[in-house]
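**Student:** Structure supplied as input_23.cif; contents: mmCIF, C-alpha atoms.
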```
data_work
loop_
_atom_site.label_atom_id
_atom_site.label_comp_id
_atom_site.auth_asym_id
_atom_site.auth_seq_id
_atom_site.Cartn_x
_atom_site.Cartn_y
_atom_site.Cartn_z
CA MET A 30 82.07 164.19 140.74
CA ARG A 31 82.11 165.62 137.26
CA ARG A 32 82.11 163.36 134.17
CA GLY A 33 83.82 164.24 130.96
CA PRO A 34 82.30 164.27 127.46
CA VAL A 35 83.80 160.87 126.61
CA ALA A 36 82.01 159.22 129.51
CA TRP A 37 78.70 160.79 128.42
CA LEU A 38 79.23 159.55 124.85
CA ILE A 39 79.93 156.00 126.02
CA ALA A 40 76.91 155.99 128.33
CA GLY A 41 74.69 157.46 125.62
CA GLY A 42 75.90 154.91 123.06
CA ALA A 43 75.22 152.03 125.44
CA MET A 44 71.71 153.34 126.15
CA PHE A 45 71.06 153.73 122.41
CA LEU A 46 72.12 150.13 121.73
CA LEU A 47 69.96 148.78 124.54
CA LEU A 48 66.92 150.72 123.36
CA ALA A 49 67.52 149.98 119.65
CA LEU A 50 67.33 146.21 120.12
CA PRO A 51 63.81 144.80 119.83
CA PRO A 52 62.44 143.18 122.99
CA GLY A 53 63.31 139.51 123.39
CA THR A 54 66.38 139.82 121.20
CA THR A 55 69.53 138.34 122.56
CA GLY A 56 71.65 140.44 120.23
CA ALA A 57 74.36 137.79 120.08
CA VAL A 58 74.29 135.06 117.49
CA SER A 59 77.12 132.59 117.39
CA GLU A 60 79.05 132.21 114.19
CA GLU A 61 78.39 128.45 114.40
CA GLU A 62 74.64 129.01 114.03
CA VAL A 63 75.13 131.19 110.96
CA GLU A 64 77.64 128.68 109.52
CA HIS A 65 75.26 125.74 110.12
CA ILE A 66 72.47 127.38 108.11
CA ALA A 67 74.87 128.70 105.44
CA THR A 68 76.26 125.20 104.77
CA GLN A 69 72.75 123.98 103.94
CA LEU A 70 72.04 126.70 101.34
CA ARG A 71 73.28 126.82 97.74
CA CYS A 72 74.95 130.00 96.55
CA PRO A 73 72.92 131.49 93.66
CA VAL A 74 76.12 132.75 92.01
CA CYS A 75 78.50 129.78 92.38
CA GLN A 76 75.89 127.06 92.19
CA ASN A 77 78.16 124.18 93.21
CA LEU A 78 79.14 125.80 96.51
CA SER A 79 77.30 126.41 99.73
CA VAL A 80 76.74 129.94 100.99
CA ALA A 81 79.31 129.22 103.70
CA ASP A 82 82.01 128.22 101.17
CA SER A 83 81.29 130.74 98.44
CA PRO A 84 83.52 133.82 98.12
CA SER A 85 80.89 135.75 96.13
CA GLU A 86 79.39 139.03 97.28
CA MET A 87 75.90 137.50 97.13
CA ALA A 88 76.94 134.77 99.59
CA LYS A 89 78.34 137.40 101.98
CA GLU A 90 75.02 139.24 101.83
CA MET A 91 73.12 136.00 102.45
CA ARG A 92 75.30 135.21 105.50
CA GLY A 93 74.59 138.72 106.80
CA LEU A 94 70.87 138.20 106.24
CA ILE A 95 71.02 134.87 108.09
CA ARG A 96 72.77 136.57 111.01
CA GLU A 97 70.25 139.44 110.98
CA ARG A 98 67.24 137.13 111.00
CA LEU A 99 68.69 135.03 113.83
CA GLU A 100 69.36 138.19 115.84
CA GLN A 101 65.72 139.16 115.34
CA GLY A 102 64.76 135.95 117.12
CA GLU A 103 63.86 133.68 114.19
CA SER A 104 64.64 129.97 114.49
CA ARG A 105 66.81 128.00 112.08
CA GLU A 106 63.72 126.52 110.45
CA GLU A 107 62.17 129.95 109.94
CA VAL A 108 65.36 131.26 108.30
CA MET A 109 65.52 128.22 106.01
CA THR A 110 61.82 128.62 105.14
CA TYR A 111 62.48 132.28 104.24
CA PHE A 112 65.16 131.31 101.70
CA VAL A 113 63.06 128.45 100.29
CA THR A 114 60.15 130.86 99.88
CA LYS A 115 62.36 133.42 98.16
CA TYR A 116 64.40 131.07 95.89
CA GLY A 117 62.44 127.79 95.86
CA GLU A 118 63.56 124.29 96.88
CA TRP A 119 66.52 124.69 94.53
CA ILE A 120 68.35 126.79 97.16
CA LEU A 121 68.71 123.75 99.46
CA LEU A 122 71.93 121.80 98.88
CA SER A 123 70.27 118.58 100.02
CA PRO A 124 66.62 118.29 99.00
CA ARG A 125 64.00 117.53 101.61
CA ALA A 126 63.02 113.87 101.77
CA SER A 127 59.36 114.29 100.88
CA GLY A 128 57.18 114.12 97.79
CA PHE A 129 58.97 113.87 94.46
CA ASN A 130 62.32 114.62 96.16
CA LEU A 131 62.01 111.27 97.89
CA LEU A 132 63.18 109.68 94.62
CA VAL A 133 66.52 111.49 94.95
CA TRP A 134 67.03 109.79 98.29
CA LEU A 135 65.72 106.32 97.36
CA LEU A 136 66.97 105.74 93.79
CA PRO A 137 70.68 105.38 94.71
CA PHE A 138 69.83 102.67 97.23
CA ALA A 139 67.57 100.94 94.70
CA ALA A 140 70.38 101.05 92.11
CA VAL A 141 72.86 99.51 94.56
CA LEU A 142 70.37 96.75 95.44
CA ALA A 143 69.68 96.06 91.75
CA GLY A 144 73.42 95.88 91.04
CA ALA A 145 73.96 93.50 93.96
CA ALA A 146 71.09 91.31 92.74
CA GLY A 147 72.61 91.27 89.23
CA ILE A 148 76.03 90.27 90.54
CA PHE A 149 74.43 87.59 92.72
CA ALA A 150 72.55 86.19 89.70
CA VAL A 151 75.69 86.06 87.53
CA VAL A 152 77.80 84.39 90.24
CA ARG A 153 75.02 81.89 90.94
CA ARG A 154 74.77 81.02 87.23
CA TRP A 155 78.53 80.42 87.10
CA THR A 156 78.48 78.15 90.13
CA VAL A 157 75.45 76.21 88.84
CA ARG A 158 77.18 75.63 85.50
CA ALA A 159 80.39 74.51 87.23
CA ARG A 160 78.45 72.00 89.34
CA ALA A 161 76.51 70.71 86.31
CA ARG A 162 79.66 69.52 84.52
CA PRO A 163 80.65 65.90 85.11
CA ALA A 164 83.74 65.38 87.25
CA GLY A 165 87.01 65.37 85.31
CA THR A 166 85.65 67.38 82.38
CA ALA A 167 86.63 70.81 83.57
CA HIS A 168 88.09 71.53 80.13
CA PRO A 169 86.83 69.57 77.10
CA SER A 170 89.61 67.92 75.08
CA PRO A 171 90.23 69.57 71.69
CA ASP A 172 89.21 67.89 68.47
CA PRO A 173 92.13 65.83 67.01
CA ALA A 174 91.43 67.12 63.48
CA TYR A 175 91.68 70.69 64.76
CA LEU A 176 94.99 69.96 66.51
CA GLU A 177 96.41 68.42 63.30
CA ARG A 178 95.39 71.47 61.27
CA VAL A 179 97.04 73.85 63.78
CA ARG A 180 100.23 71.75 63.69
CA ARG A 181 100.35 71.87 59.87
CA GLU A 182 99.82 75.63 59.79
CA LEU A 183 102.58 76.17 62.31
CA GLU A 184 104.97 74.06 60.27
CA ALA A 185 104.09 76.00 57.13
CA THR A 186 104.70 79.42 58.71
CA GLU A 187 107.92 78.43 60.48
CA GLY A 188 109.50 76.77 57.50
CA GLY A 189 109.36 73.22 58.62
CA PRO A 190 108.71 70.94 61.56
CA ARG A 191 110.37 71.57 64.89
CA ALA A 192 112.28 69.01 66.78
#
```
Would you mind writing the structure in this file as structure tokens?
**Tutor:**
Amino acid sequence: MRRGPVAWLIAGGAMFLLLALPPGTTGAVSEEEVEHIATQLRCPVCQNLSVADSPSEMAKEMRGLIRERLEQGESREEVMTYFVTKYGEWILLSPRASGFNLLVWLLPFAAVLAGAAGIFAVVRRWTVRARARPAGTAHPSPDPAYLERVRRELEATEGGPRA
């Protein structure tokens, strides 16, 4: 049986691909793995977007580099460590919860607790003052001299007493 040149090209290409891959390489990396890492990294060009969401050319290159490193057999942690080594902790969209970065994670909770304590203190003060008043004196009666003065001023501005 004689094979044509196309068959030899296909067989040769397949052999080349098998031999070109380093040993232990699966060769197939799911897009989900690349996306998972890319969502955790900040794009150096559009700094408010992740590498997964950024349309910039730099982000496309970074996604390709993530895919390439995963295909070479590196773990997610190793890929993340590579980018942190190259760009610094700034490249991470959410800082690691250790060292000085721990403040970023703890201060919002501390602020909410302080606000809740402040609201509790104000409400407690209001209720204590309400309980401290004698019964029947919810609103103190106005001074009769003050009421007379208001009545006279109203009569003067309206042009006379009302019936």
**Student:** To one decimal in Å, tell me the separation between CA of Ile120 (chain A) and CA of Glu103 (chain A).
**Tutor:**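 So the two atoms, CA of Ile120 (chain A) and CA of Glu103 (chain A), lie 18.9 Å apart.
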**Student:** Run through the PyMOL selection byres ((chain A and resi 61-74) around 10) on the given coordinates and return the selected residues as a ChimeraX atom specification.
**Tutor:** /A:58-60,75-89,91-99,105-106,108-109,112-113,116,118-124
**Student:** Just C-alpha atoms for this one: save the residues we selected as a compact mmCIF listing (two decimals), in the coordinates of the input.
**Tutor:**
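Result written to result.txt:
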```
# COMPACT_ATOMS: atom_id res chain seq x y z
CA VAL A 58 74.29 135.06 117.49
CA SER A 59 77.12 132.59 117.39
CA GLU A 60 79.05 132.21 114.19
CA CYS A 75 78.50 129.78 92.38
CA GLN A 76 75.89 127.06 92.19
CA ASN A 77 78.16 124.18 93.21
CA LEU A 78 79.14 125.80 96.51
CA SER A 79 77.30 126.41 99.73
CA VAL A 80 76.74 129.94 100.99
CA ALA A 81 79.31 129.22 103.70
CA ASP A 82 82.01 128.22 101.17
CA SER A 83 81.29 130.74 98.44
CA PRO A 84 83.52 133.82 98.12
CA SER A 85 80.89 135.75 96.13
CA GLU A 86 79.39 139.03 97.28
CA MET A 87 75.90 137.50 97.13
CA ALA A 88 76.94 134.77 99.59
CA LYS A 89 78.34 137.40 101.98
CA MET A 91 73.12 136.00 102.45
CA ARG A 92 75.30 135.21 105.50
CA GLY A 93 74.59 138.72 106.80
CA LEU A 94 70.87 138.20 106.24
CA ILE A 95 71.02 134.87 108.09
CA ARG A 96 72.77 136.57 111.01
CA GLU A 97 70.25 139.44 110.98
CA ARG A 98 67.24 137.13 111.00
CA LEU A 99 68.69 135.03 113.83
CA ARG A 105 66.81 128.00 112.08
CA GLU A 106 63.72 126.52 110.45
CA VAL A 108 65.36 131.26 108.30
CA MET A 109 65.52 128.22 106.01
CA PHE A 112 65.16 131.31 101.70
CA VAL A 113 63.06 128.45 100.29
CA TYR A 116 64.40 131.07 95.89
CA GLU A 118 63.56 124.29 96.88
CA TRP A 119 66.52 124.69 94.53
CA ILE A 120 68.35 126.79 97.16
CA LEU A 121 68.71 123.75 99.46
CA LEU A 122 71.93 121.80 98.88
CA SER A 123 70.27 118.58 100.02
CA PRO A 124 66.62 118.29 99.00
```
**Student:** Quick one: pull the distance between CA of Ile39 (chain A) and CA of Glu90 (chain A), Å, one decimal.
**Tutor:**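 Separation of CA of Ile39 (chain A) and CA of Glu90 (chain A): 29.8 Å.
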**Student:** May I ask for the distance between CA of Glu187 (chain A) and CA of Ala174 (chain A), given in Å to one decimal place?
**Tutor:**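 CA of Ala174 (chain A) lies 20.2 Å from CA of Glu187 (chain A).
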